[in-house]
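Undergrad: Sharing structure34.pdb here; it has PDB, C-alpha atoms and all ligand atoms.
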```pdb
ATOM      1  CA  MET I  17     -46.808 -48.869 181.161  1.00  0.00           C
ATOM      2  CA  HIS I  18     -44.331 -50.554 178.824  1.00  0.00           C
ATOM      3  CA  ASN I  19     -46.837 -51.240 176.099  1.00  0.00           C
ATOM      4  CA  SER I  20     -46.368 -48.548 173.444  1.00  0.00           C
ATOM      5  CA  HIS I  21     -50.141 -48.388 172.935  1.00  0.00           C
ATOM      6  CA  ARG I  22     -50.295 -46.609 176.258  1.00  0.00           C
ATOM      7  CA  SER I  23     -48.345 -43.496 175.313  1.00  0.00           C
ATOM      8  CA  VAL I  24     -50.636 -40.863 173.857  1.00  0.00           C
ATOM      9  CA  VAL I  25     -49.932 -37.568 172.099  1.00  0.00           C
ATOM     10  CA  VAL I  26     -52.805 -35.104 171.904  1.00  0.00           C
ATOM     11  CA  LEU I  27     -53.113 -32.641 169.008  1.00  0.00           C
ATOM     12  CA  LEU I  28     -55.306 -29.600 169.528  1.00  0.00           C
ATOM     13  CA  SER I  29     -55.955 -26.057 168.352  1.00  0.00           C
ATOM     14  CA  GLY I  30     -58.034 -24.490 171.111  1.00  0.00           C
ATOM     15  CA  ASN I  31     -59.619 -24.800 174.518  1.00  0.00           C
ATOM     16  CA  GLY I  32     -58.613 -28.375 175.199  1.00  0.00           C
ATOM     17  CA  SER I  33     -61.450 -29.475 177.458  1.00  0.00           C
ATOM     18  CA  ASN I  34     -61.136 -32.934 175.915  1.00  0.00           C
ATOM     19  CA  LEU I  35     -57.421 -32.906 176.702  1.00  0.00           C
ATOM     20  CA  GLN I  36     -58.357 -32.050 180.296  1.00  0.00           C
ATOM     21  CA  ALA I  37     -60.739 -35.001 180.472  1.00  0.00           C
ATOM     22  CA  LEU I  38     -58.096 -37.302 178.985  1.00  0.00           C
ATOM     23  CA  MET I  39     -55.465 -36.116 181.478  1.00  0.00           C
ATOM     24  CA  ASP I  40     -57.866 -36.347 184.441  1.00  0.00           C
ATOM     25  CA  PHE I  41     -58.863 -39.867 183.537  1.00  0.00           C
ATOM     26  CA  SER I  42     -55.301 -41.004 182.835  1.00  0.00           C
ATOM     27  CA  SER I  43     -54.221 -40.802 186.471  1.00  0.00           C
ATOM     28  CA  ALA I  44     -56.524 -43.720 187.234  1.00  0.00           C
ATOM     29  CA  GLY I  45     -56.362 -45.164 183.745  1.00  0.00           C
ATOM     30  CA  ASN I  46     -54.151 -47.369 181.640  1.00  0.00           C
ATOM     31  CA  TYR I  47     -52.542 -44.737 179.376  1.00  0.00           C
ATOM     32  CA  ARG I  48     -50.513 -41.585 179.829  1.00  0.00           C
ATOM     33  CA  VAL I  49     -50.494 -38.325 177.893  1.00  0.00           C
ATOM     34  CA  SER I  50     -46.834 -37.967 176.899  1.00  0.00           C
ATOM     35  CA  GLY I  51     -47.119 -34.715 175.018  1.00  0.00           C
ATOM     36  CA  VAL I  52     -49.450 -32.091 173.612  1.00  0.00           C
ATOM     37  CA  ILE I  53     -48.971 -30.445 170.233  1.00  0.00           C
ATOM     38  CA  SER I  54     -50.816 -27.355 169.031  1.00  0.00           C
ATOM     39  CA  ASN I  55     -50.770 -25.615 165.673  1.00  0.00           C
ATOM     40  CA  ARG I  56     -51.773 -22.435 167.490  1.00  0.00           C
ATOM     41  CA  PRO I  57     -49.349 -20.847 169.948  1.00  0.00           C
ATOM     42  CA  ASP I  58     -52.231 -19.283 171.918  1.00  0.00           C
ATOM     43  CA  ALA I  59     -54.321 -22.449 172.363  1.00  0.00           C
ATOM     44  CA  TYR I  60     -55.551 -22.671 175.951  1.00  0.00           C
ATOM     45  CA  GLY I  61     -54.981 -26.427 175.817  1.00  0.00           C
ATOM     46  CA  LEU I  62     -51.232 -25.718 176.026  1.00  0.00           C
ATOM     47  CA  GLN I  63     -51.742 -24.044 179.412  1.00  0.00           C
ATOM     48  CA  ARG I  64     -53.737 -27.020 180.625  1.00  0.00           C
ATOM     49  CA  ALA I  65     -50.879 -29.353 179.635  1.00  0.00           C
ATOM     50  CA  LYS I  66     -48.294 -27.184 181.379  1.00  0.00           C
ATOM     51  CA  GLN I  67     -50.377 -27.134 184.560  1.00  0.00           C
ATOM     52  CA  SER I  68     -50.193 -30.921 184.530  1.00  0.00           C
ATOM     53  CA  ASN I  69     -46.451 -30.926 183.770  1.00  0.00           C
ATOM     54  CA  ILE I  70     -46.979 -32.454 180.351  1.00  0.00           C
ATOM     55  CA  PRO I  71     -44.510 -31.331 177.675  1.00  0.00           C
ATOM     56  CA  THR I  72     -45.852 -29.240 174.806  1.00  0.00           C
ATOM     57  CA  THR I  73     -44.791 -28.406 171.261  1.00  0.00           C
ATOM     58  CA  VAL I  74     -46.123 -25.712 168.952  1.00  0.00           C
ATOM     59  CA  VAL I  75     -46.046 -26.405 165.220  1.00  0.00           C
ATOM     60  CA  ASP I  76     -47.512 -23.177 163.878  1.00  0.00           C
ATOM     61  CA  HIS I  77     -49.044 -23.840 160.461  1.00  0.00           C
ATOM     62  CA  LYS I  78     -48.499 -20.198 159.518  1.00  0.00           C
ATOM     63  CA  GLN I  79     -44.746 -20.831 159.521  1.00  0.00           C
ATOM     64  CA  TYR I  80     -44.949 -23.388 156.715  1.00  0.00           C
ATOM     65  CA  ALA I  81     -45.383 -22.674 153.023  1.00  0.00           C
ATOM     66  CA  SER I  82     -47.362 -25.828 152.247  1.00  0.00           C
ATOM     67  CA  ARG I  83     -49.400 -28.508 153.958  1.00  0.00           C
ATOM     68  CA  ASP I  84     -46.675 -31.051 153.159  1.00  0.00           C
ATOM     69  CA  LEU I  85     -44.064 -28.999 154.989  1.00  0.00           C
ATOM     70  CA  PHE I  86     -46.409 -28.495 157.925  1.00  0.00           C
ATOM     71  CA  ASP I  87     -47.176 -32.227 158.031  1.00  0.00           C
ATOM     72  CA  GLN I  88     -43.453 -33.036 157.990  1.00  0.00           C
ATOM     73  CA  ALA I  89     -42.805 -30.723 160.921  1.00  0.00           C
ATOM     74  CA  LEU I  90     -45.785 -32.221 162.718  1.00  0.00           C
ATOM     75  CA  CYS I  91     -44.432 -35.764 162.154  1.00  0.00           C
ATOM     76  CA  GLN I  92     -41.102 -34.739 163.581  1.00  0.00           C
ATOM     77  CA  ALA I  93     -42.748 -33.225 166.650  1.00  0.00           C
ATOM     78  CA  ILE I  94     -44.893 -36.320 167.167  1.00  0.00           C
ATOM     79  CA  ASN I  95     -42.002 -38.749 166.742  1.00  0.00           C
ATOM     80  CA  GLU I  96     -40.040 -37.006 169.449  1.00  0.00           C
ATOM     81  CA  TYR I  97     -42.674 -38.272 171.875  1.00  0.00           C
ATOM     82  CA  GLY I  98     -42.715 -41.763 170.309  1.00  0.00           C
ATOM     83  CA  PRO I  99     -46.417 -42.296 170.963  1.00  0.00           C
ATOM     84  CA  GLY I 100     -48.489 -45.397 170.308  1.00  0.00           C
ATOM     85  CA  LEU I 101     -51.565 -43.272 169.670  1.00  0.00           C
ATOM     86  CA  ILE I 102     -52.284 -39.820 168.272  1.00  0.00           C
ATOM     87  CA  VAL I 103     -55.468 -38.278 169.633  1.00  0.00           C
ATOM     88  CA  LEU I 104     -57.022 -35.349 167.781  1.00  0.00           C
ATOM     89  CA  ALA I 105     -58.944 -33.203 170.255  1.00  0.00           C
ATOM     90  CA  GLY I 106     -60.241 -30.098 168.547  1.00  0.00           C
ATOM     91  CA  PHE I 107     -57.346 -30.071 166.086  1.00  0.00           C
ATOM     92  CA  MET I 108     -58.488 -27.757 163.309  1.00  0.00           C
ATOM     93  CA  ARG I 109     -56.082 -28.673 160.506  1.00  0.00           C
ATOM     94  CA  ILE I 110     -56.717 -31.234 157.805  1.00  0.00           C
ATOM     95  CA  LEU I 111     -53.983 -33.861 157.750  1.00  0.00           C
ATOM     96  CA  GLY I 112     -52.496 -34.887 154.403  1.00  0.00           C
ATOM     97  CA  ALA I 113     -52.795 -38.391 152.958  1.00  0.00           C
ATOM     98  CA  ASP I 114     -49.142 -39.256 153.608  1.00  0.00           C
ATOM     99  CA  PHE I 115     -49.450 -38.273 157.246  1.00  0.00           C
ATOM    100  CA  VAL I 116     -52.575 -40.386 157.708  1.00  0.00           C
ATOM    101  CA  LYS I 117     -50.943 -43.381 155.976  1.00  0.00           C
ATOM    102  CA  ARG I 118     -47.841 -43.140 158.099  1.00  0.00           C
ATOM    103  CA  TYR I 119     -49.832 -43.445 161.320  1.00  0.00           C
ATOM    104  CA  GLN I 120     -52.584 -45.677 159.956  1.00  0.00           C
ATOM    105  CA  GLY I 121     -54.691 -47.221 162.706  1.00  0.00           C
ATOM    106  CA  LYS I 122     -53.035 -45.010 165.301  1.00  0.00           C
ATOM    107  CA  ILE I 123     -55.001 -41.770 164.973  1.00  0.00           C
ATOM    108  CA  LEU I 124     -58.332 -41.111 166.666  1.00  0.00           C
ATOM    109  CA  ASN I 125     -60.634 -38.132 166.298  1.00  0.00           C
ATOM    110  CA  ILE I 126     -63.710 -36.974 168.171  1.00  0.00           C
ATOM    111  CA  HIS I 127     -66.438 -35.354 166.133  1.00  0.00           C
ATOM    112  CA  PRO I 128     -69.561 -33.591 167.414  1.00  0.00           C
ATOM    113  CA  SER I 129     -72.211 -35.433 165.394  1.00  0.00           C
ATOM    114  CA  LEU I 130     -73.643 -38.885 164.890  1.00  0.00           C
ATOM    115  CA  LEU I 131     -71.391 -39.812 161.995  1.00  0.00           C
ATOM    116  CA  PRO I 132     -71.759 -40.556 159.137  1.00  0.00           C
ATOM    117  CA  ASN I 133     -74.282 -37.712 159.481  1.00  0.00           C
ATOM    118  CA  TYR I 134     -72.977 -34.161 159.627  1.00  0.00           C
ATOM    119  CA  PRO I 135     -69.270 -34.365 158.895  1.00  0.00           C
ATOM    120  CA  GLY I 136     -67.516 -30.984 158.743  1.00  0.00           C
ATOM    121  CA  THR I 137     -67.941 -27.896 160.905  1.00  0.00           C
ATOM    122  CA  ASN I 138     -70.827 -26.050 162.567  1.00  0.00           C
ATOM    123  CA  THR I 139     -72.636 -29.297 163.365  1.00  0.00           C
ATOM    124  CA  HIS I 140     -74.835 -28.017 166.225  1.00  0.00           C
ATOM    125  CA  GLN I 141     -76.478 -25.341 164.089  1.00  0.00           C
ATOM    126  CA  ARG I 142     -76.839 -27.690 161.157  1.00  0.00           C
ATOM    127  CA  VAL I 143     -78.700 -30.359 163.168  1.00  0.00           C
ATOM    128  CA  LEU I 144     -81.000 -27.648 164.557  1.00  0.00           C
ATOM    129  CA  ASP I 145     -81.673 -26.227 161.097  1.00  0.00           C
ATOM    130  CA  ALA I 146     -82.510 -29.704 159.850  1.00  0.00           C
ATOM    131  CA  GLY I 147     -85.038 -30.206 162.684  1.00  0.00           C
ATOM    132  CA  GLU I 148     -83.268 -33.279 164.045  1.00  0.00           C
ATOM    133  CA  LYS I 149     -84.451 -34.797 167.331  1.00  0.00           C
ATOM    134  CA  LEU I 150     -81.172 -36.551 168.036  1.00  0.00           C
ATOM    135  CA  HIS I 151     -77.609 -35.308 168.071  1.00  0.00           C
ATOM    136  CA  GLY I 152     -74.435 -36.795 169.418  1.00  0.00           C
ATOM    137  CA  VAL I 153     -70.735 -37.407 169.343  1.00  0.00           C
ATOM    138  CA  SER I 154     -68.563 -39.973 167.587  1.00  0.00           C
ATOM    139  CA  VAL I 155     -65.033 -41.226 168.125  1.00  0.00           C
ATOM    140  CA  HIS I 156     -63.532 -42.644 164.951  1.00  0.00           C
ATOM    141  CA  PHE I 157     -60.301 -43.801 163.399  1.00  0.00           C
ATOM    142  CA  VAL I 158     -58.822 -41.150 161.136  1.00  0.00           C
ATOM    143  CA  THR I 159     -58.512 -42.081 157.476  1.00  0.00           C
ATOM    144  CA  GLU I 160     -57.866 -39.934 154.430  1.00  0.00           C
ATOM    145  CA  GLU I 161     -61.527 -38.989 154.186  1.00  0.00           C
ATOM    146  CA  LEU I 162     -62.368 -35.996 156.387  1.00  0.00           C
ATOM    147  CA  ASP I 163     -64.549 -37.165 159.334  1.00  0.00           C
ATOM    148  CA  GLY I 164     -65.071 -40.309 157.245  1.00  0.00           C
ATOM    149  CA  GLY I 165     -63.025 -42.969 159.061  1.00  0.00           C
ATOM    150  CA  PRO I 166     -64.844 -45.876 160.712  1.00  0.00           C
ATOM    151  CA  VAL I 167     -66.689 -45.056 163.909  1.00  0.00           C
ATOM    152  CA  ILE I 168     -65.571 -46.763 167.121  1.00  0.00           C
ATOM    153  CA  ALA I 169     -68.168 -45.455 169.555  1.00  0.00           C
ATOM    154  CA  GLN I 170     -70.993 -42.958 169.714  1.00  0.00           C
ATOM    155  CA  GLU I 171     -73.111 -41.323 172.362  1.00  0.00           C
ATOM    156  CA  SER I 172     -76.345 -39.531 171.544  1.00  0.00           C
ATOM    157  CA  ILE I 173     -78.299 -36.723 173.177  1.00  0.00           C
ATOM    158  CA  ALA I 174     -81.915 -35.703 172.751  1.00  0.00           C
ATOM    159  CA  ILE I 175     -82.539 -32.269 171.249  1.00  0.00           C
ATOM    160  CA  GLU I 176     -85.119 -30.342 173.297  1.00  0.00           C
ATOM    161  CA  PRO I 177     -87.217 -27.507 171.854  1.00  0.00           C
ATOM    162  CA  ILE I 178     -85.339 -25.081 174.113  1.00  0.00           C
ATOM    163  CA  ASP I 179     -81.908 -26.063 172.772  1.00  0.00           C
ATOM    164  CA  ASP I 180     -79.743 -23.758 170.696  1.00  0.00           C
ATOM    165  CA  ALA I 181     -76.227 -24.258 169.344  1.00  0.00           C
ATOM    166  CA  GLN I 182     -74.725 -23.210 172.675  1.00  0.00           C
ATOM    167  CA  THR I 183     -76.734 -25.545 174.893  1.00  0.00           C
ATOM    168  CA  LEU I 184     -76.037 -28.371 172.477  1.00  0.00           C
ATOM    169  CA  ALA I 185     -72.316 -27.620 172.634  1.00  0.00           C
ATOM    170  CA  VAL I 186     -72.418 -27.924 176.432  1.00  0.00           C
ATOM    171  CA  LYS I 187     -74.332 -31.217 176.339  1.00  0.00           C
ATOM    172  CA  ILE I 188     -72.046 -32.602 173.655  1.00  0.00           C
ATOM    173  CA  HIS I 189     -68.913 -31.685 175.598  1.00  0.00           C
ATOM    174  CA  GLU I 190     -70.212 -33.524 178.665  1.00  0.00           C
ATOM    175  CA  LYS I 191     -70.610 -36.670 176.590  1.00  0.00           C
ATOM    176  CA  GLU I 192     -67.236 -36.198 174.906  1.00  0.00           C
ATOM    177  CA  HIS I 193     -65.421 -35.996 178.216  1.00  0.00           C
ATOM    178  CA  VAL I 194     -66.657 -39.469 179.129  1.00  0.00           C
ATOM    179  CA  LEU I 195     -66.538 -41.111 175.720  1.00  0.00           C
ATOM    180  CA  TYR I 196     -63.036 -40.111 174.626  1.00  0.00           C
ATOM    181  CA  PRO I 197     -61.145 -41.416 177.694  1.00  0.00           C
ATOM    182  CA  ALA I 198     -63.163 -44.651 177.492  1.00  0.00           C
ATOM    183  CA  VAL I 199     -62.156 -45.225 173.865  1.00  0.00           C
ATOM    184  CA  VAL I 200     -58.510 -44.265 174.456  1.00  0.00           C
ATOM    185  CA  SER I 201     -58.457 -46.830 177.282  1.00  0.00           C
ATOM    186  CA  LEU I 202     -59.689 -49.524 174.904  1.00  0.00           C
ATOM    187  CA  PHE I 203     -56.940 -48.607 172.474  1.00  0.00           C
ATOM    188  CA  ALA I 204     -54.353 -48.616 175.250  1.00  0.00           C
ATOM    189  CA  ASP I 205     -55.317 -52.189 176.075  1.00  0.00           C
ATOM    190  CA  GLY I 206     -54.730 -53.138 172.442  1.00  0.00           C
ATOM    191  CA  ARG I 207     -58.401 -53.965 171.899  1.00  0.00           C
ATOM    192  CA  LEU I 208     -59.059 -51.647 168.931  1.00  0.00           C
ATOM    193  CA  SER I 209     -57.795 -51.961 165.403  1.00  0.00           C
ATOM    194  CA  LEU I 210     -58.354 -50.599 161.931  1.00  0.00           C
ATOM    195  CA  ASP I 211     -58.310 -52.672 158.777  1.00  0.00           C
ATOM    196  CA  GLY I 212     -58.990 -50.784 155.565  1.00  0.00           C
ATOM    197  CA  ASN I 213     -62.153 -48.869 156.303  1.00  0.00           C
ATOM    198  CA  SER I 214     -63.363 -51.085 159.136  1.00  0.00           C
ATOM    199  CA  ALA I 215     -62.890 -50.769 162.875  1.00  0.00           C
ATOM    200  CA  PHE I 216     -62.587 -53.803 165.124  1.00  0.00           C
ATOM    201  CA  LEU I 217     -63.026 -54.271 168.868  1.00  0.00           C
ATOM    202  CA  ASP I 218     -61.496 -57.504 170.158  1.00  0.00           C
ATOM    203  CA  GLU I 219     -61.253 -58.625 166.515  1.00  0.00           C
ATOM    204  CA  GLN I 220     -65.025 -58.183 166.061  1.00  0.00           C
ATOM    205  CA  LEU I 221     -66.120 -55.880 163.252  1.00  0.00           C
ATOM    206  CA  LEU I 222     -67.825 -52.832 164.736  1.00  0.00           C
ATOM    207  CA  PRO I 223     -71.144 -51.664 163.264  1.00  0.00           C
ATOM    208  CA  VAL I 224     -71.060 -48.429 161.212  1.00  0.00           C
ATOM    209  CA  THR I 225     -72.327 -46.497 164.231  1.00  0.00           C
ATOM    210  CA  GLY I 226     -69.669 -48.043 166.465  1.00  0.00           C
ATOM    211  CA  GLN I 227     -69.948 -49.597 169.887  1.00  0.00           C
ATOM    212  CA  ARG I 228     -72.726 -48.462 172.242  1.00  0.00           C
ATOM    213  CA  ILE I 229     -71.206 -46.449 175.092  1.00  0.00           C
ATOM    214  CA  ASP I 230     -73.140 -48.491 177.651  1.00  0.00           C
ATOM    215  CA  ASP I 231     -71.348 -51.596 176.464  1.00  0.00           C
ATOM    216  CA  LEU I 232     -67.857 -50.155 176.753  1.00  0.00           C
TER     217      LEU I 232
HETATM  218  C1  LIG Y 301     -65.034 -30.818 170.441  1.00  0.00           C
HETATM  219  O1  LIG Y 301     -66.387 -30.500 170.404  1.00  0.00           O
HETATM  220  C2  LIG Y 301     -64.705 -31.880 169.429  1.00  0.00           C
HETATM  221  O2  LIG Y 301     -65.774 -32.726 169.147  1.00  0.00           O
HETATM  222  C3  LIG Y 301     -64.353 -31.092 168.206  1.00  0.00           C
HETATM  223  O3  LIG Y 301     -63.714 -29.943 168.692  1.00  0.00           O
HETATM  224  C4  LIG Y 301     -64.163 -29.653 170.006  1.00  0.00           C
HETATM  225  C5  LIG Y 301     -62.949 -29.481 170.867  1.00  0.00           C
HETATM  226  O4  LIG Y 301     -63.268 -28.983 172.148  1.00  0.00           O
HETATM  227  N1  LIG Y 301     -63.541 -31.900 167.319  1.00  0.00           N
HETATM  228  P1  LIG Y 301     -62.140 -28.809 173.246  1.00  0.00           P
HETATM  229  O5  LIG Y 301     -61.031 -27.945 172.665  1.00  0.00           O
HETATM  230  O6  LIG Y 301     -61.636 -30.180 173.600  1.00  0.00           O
HETATM  231  O7  LIG Y 301     -62.800 -28.138 174.413  1.00  0.00           O
END
```
Can you give me the file's structure in the form of structure tokens?

TA:
Amino acid sequence: MHNSHRSVVVLLSGNGSNLQALMDFSSAGNYRVSGVISNRPDAYGLQRAKQSNIPTTVVDHKQYASRDLFDQALCQAINEYGPGLIVLAGFMRILGADFVKRYQGKILNIHPSLLPNYPGTNTHQRVLDAGEKLHGVSVHFVTEELDGGPVIAQESIAIEPIDDAQTLAVKIHEKEHVLYPAVVSLFADGRLSLDGNSAFLDEQLLPVTGQRIDDL
């Protein structure tokens, strides 16, 4: 585990079920979660980290007068862990342009939709309202554009007539918990990269919808 790609810091704001999946997978995997940072002191994800003896830091956005100051404090907290990868897992703050530039190609996010469709919040209800038959989850590199960075991998689910926002959330989480550790493993092996607004796997340009999960 000397390769710096293998040290991961997870940023979250809430429940942290994706953190749990990442930690569970890491024991048999090729990366380790070195630290967990939350902008909310009461995030349940912090408890999950502590139960696994992973160090935690709270950078409470309410303590900072501007986004720049918050981002600076966040950078400091991240750098103390010296990670090769920053993984956003339900982190509900928008990161400033300077922050994103500083860690370019080293920040991943998971988003509950088939990007580029349905960026933003409340995706389950929005796909239902639009009468979609397909929904899904995307892992992408973070760029300055919110939920707009190039997609690395996606997994889709069928929407059944019986589904509501809650059942979709459950189905989506199940997919997330498999997809995110798989993509973090690829990164840990140095197989993923970002160039401008394009994502590459083994130096091959990925399609706009990313790699098929079955091929990972
Ligand atoms: C996930 O659905 C993820 O796609 C979105 O936020 C949610 C986080 O869930 N970005 P959890 O905190 O990991 O359970």

Undergrad: If we count all atoms listed in the file and set the cut-off at 8 Å, which residues sit around region 161-163 of chain I, ignoring sequence neighbours fewer than 2 positions away in its own chain? Please answer as a PyMOL selection string.

TA: chain I and resi 110+127+131-132+135-136+156+158-159+165

Undergrad: At a cut-off of 9 Å around ligand LIG 301 (chain Y), and using only C-alpha atoms and all ligand atoms, what residues come up? Please write them as a compact mmCIF listing (two decimals) with C-alpha atoms, in the frame of the given file.

TA:
```
# COMPACT_ATOMS: atom_id res chain seq x y z
CA LEU I 28 -55.31 -29.60 169.53
CA SER I 29 -55.96 -26.06 168.35
CA GLY I 30 -58.03 -24.49 171.11
CA ASN I 31 -59.62 -24.80 174.52
CA GLY I 32 -58.61 -28.38 175.20
CA SER I 33 -61.45 -29.48 177.46
CA ASN I 34 -61.14 -32.93 175.92
CA LEU I 35 -57.42 -32.91 176.70
CA GLN I 36 -58.36 -32.05 180.30
CA ALA I 37 -60.74 -35.00 180.47
CA ALA I 59 -54.32 -22.45 172.36
CA TYR I 60 -55.55 -22.67 175.95
CA GLY I 61 -54.98 -26.43 175.82
CA LEU I 104 -57.02 -35.35 167.78
CA ALA I 105 -58.94 -33.20 170.26
CA GLY I 106 -60.24 -30.10 168.55
CA PHE I 107 -57.35 -30.07 166.09
CA MET I 108 -58.49 -27.76 163.31
CA ASN I 125 -60.63 -38.13 166.30
CA ILE I 126 -63.71 -36.97 168.17
CA HIS I 127 -66.44 -35.35 166.13
CA PRO I 128 -69.56 -33.59 167.41
CA SER I 129 -72.21 -35.43 165.39
CA THR I 137 -67.94 -27.90 160.90
CA VAL I 153 -70.74 -37.41 169.34
CA SER I 154 -68.56 -39.97 167.59
CA VAL I 155 -65.03 -41.23 168.12
CA ALA I 185 -72.32 -27.62 172.63
CA VAL I 186 -72.42 -27.92 176.43
CA ILE I 188 -72.05 -32.60 173.66
CA HIS I 189 -68.91 -31.68 175.60
CA GLU I 192 -67.24 -36.20 174.91
CA HIS I 193 -65.42 -36.00 178.22
```

Undergrad: Which one is closest to Asp87 (chain I): I:Leu111, I:Thr73, I:Tyr47, I:Ile123? Count all atoms listed in the file.

TA: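 The shortest atom-to-atom distance to Asp87 (chain I) comes from I:Leu111.
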
Undergrad: Given all atoms listed in the file as the basis, pick out the residue of I:Ala174, I:Ala113, I:Leu27, I:Leu150 nearest to Leu130 (chain I).

TA: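 Of I:Ala174, I:Ala113, I:Leu27, I:Leu150, the one nearest Leu130 (chain I) is I:Leu150, counting all atoms listed in the file.
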
Undergrad: For Arg118 (chain I), which residue out of I:Leu101, I:Cys91, I:Leu202, I:Val24 is the nearest one, using all atoms listed in the file?

TA: I:Cys91

Undergrad: Nearest to Lys122 (chain I): which of I:Gln79, I:Ser209, I:Thr183, I:Asn69 is it, counting all atoms listed in the file?

TA: I:Ser209

Undergrad: Can you give me, as a list of chain:residue names, the residues this file yields under the PyMOL selection byres (((chain I and resi 175) around 7) and not hetatm)?

TA: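 What the PyMOL selection byres (((chain I and resi 175) around 7) and not hetatm) grabs from the file is I:Lys149, I:Leu150, I:His151, I:Ile173, I:Ala174, I:Glu176, I:Pro177, I:Asp179.
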
Undergrad: Give me, please, the distance in Å between CA of Gly152 (chain I) and CA of Tyr119 (chain I), quoted to one decimal.

TA: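 According to the coordinates, CA of Gly152 (chain I) and CA of Tyr119 (chain I) are separated by 26.7 Å.
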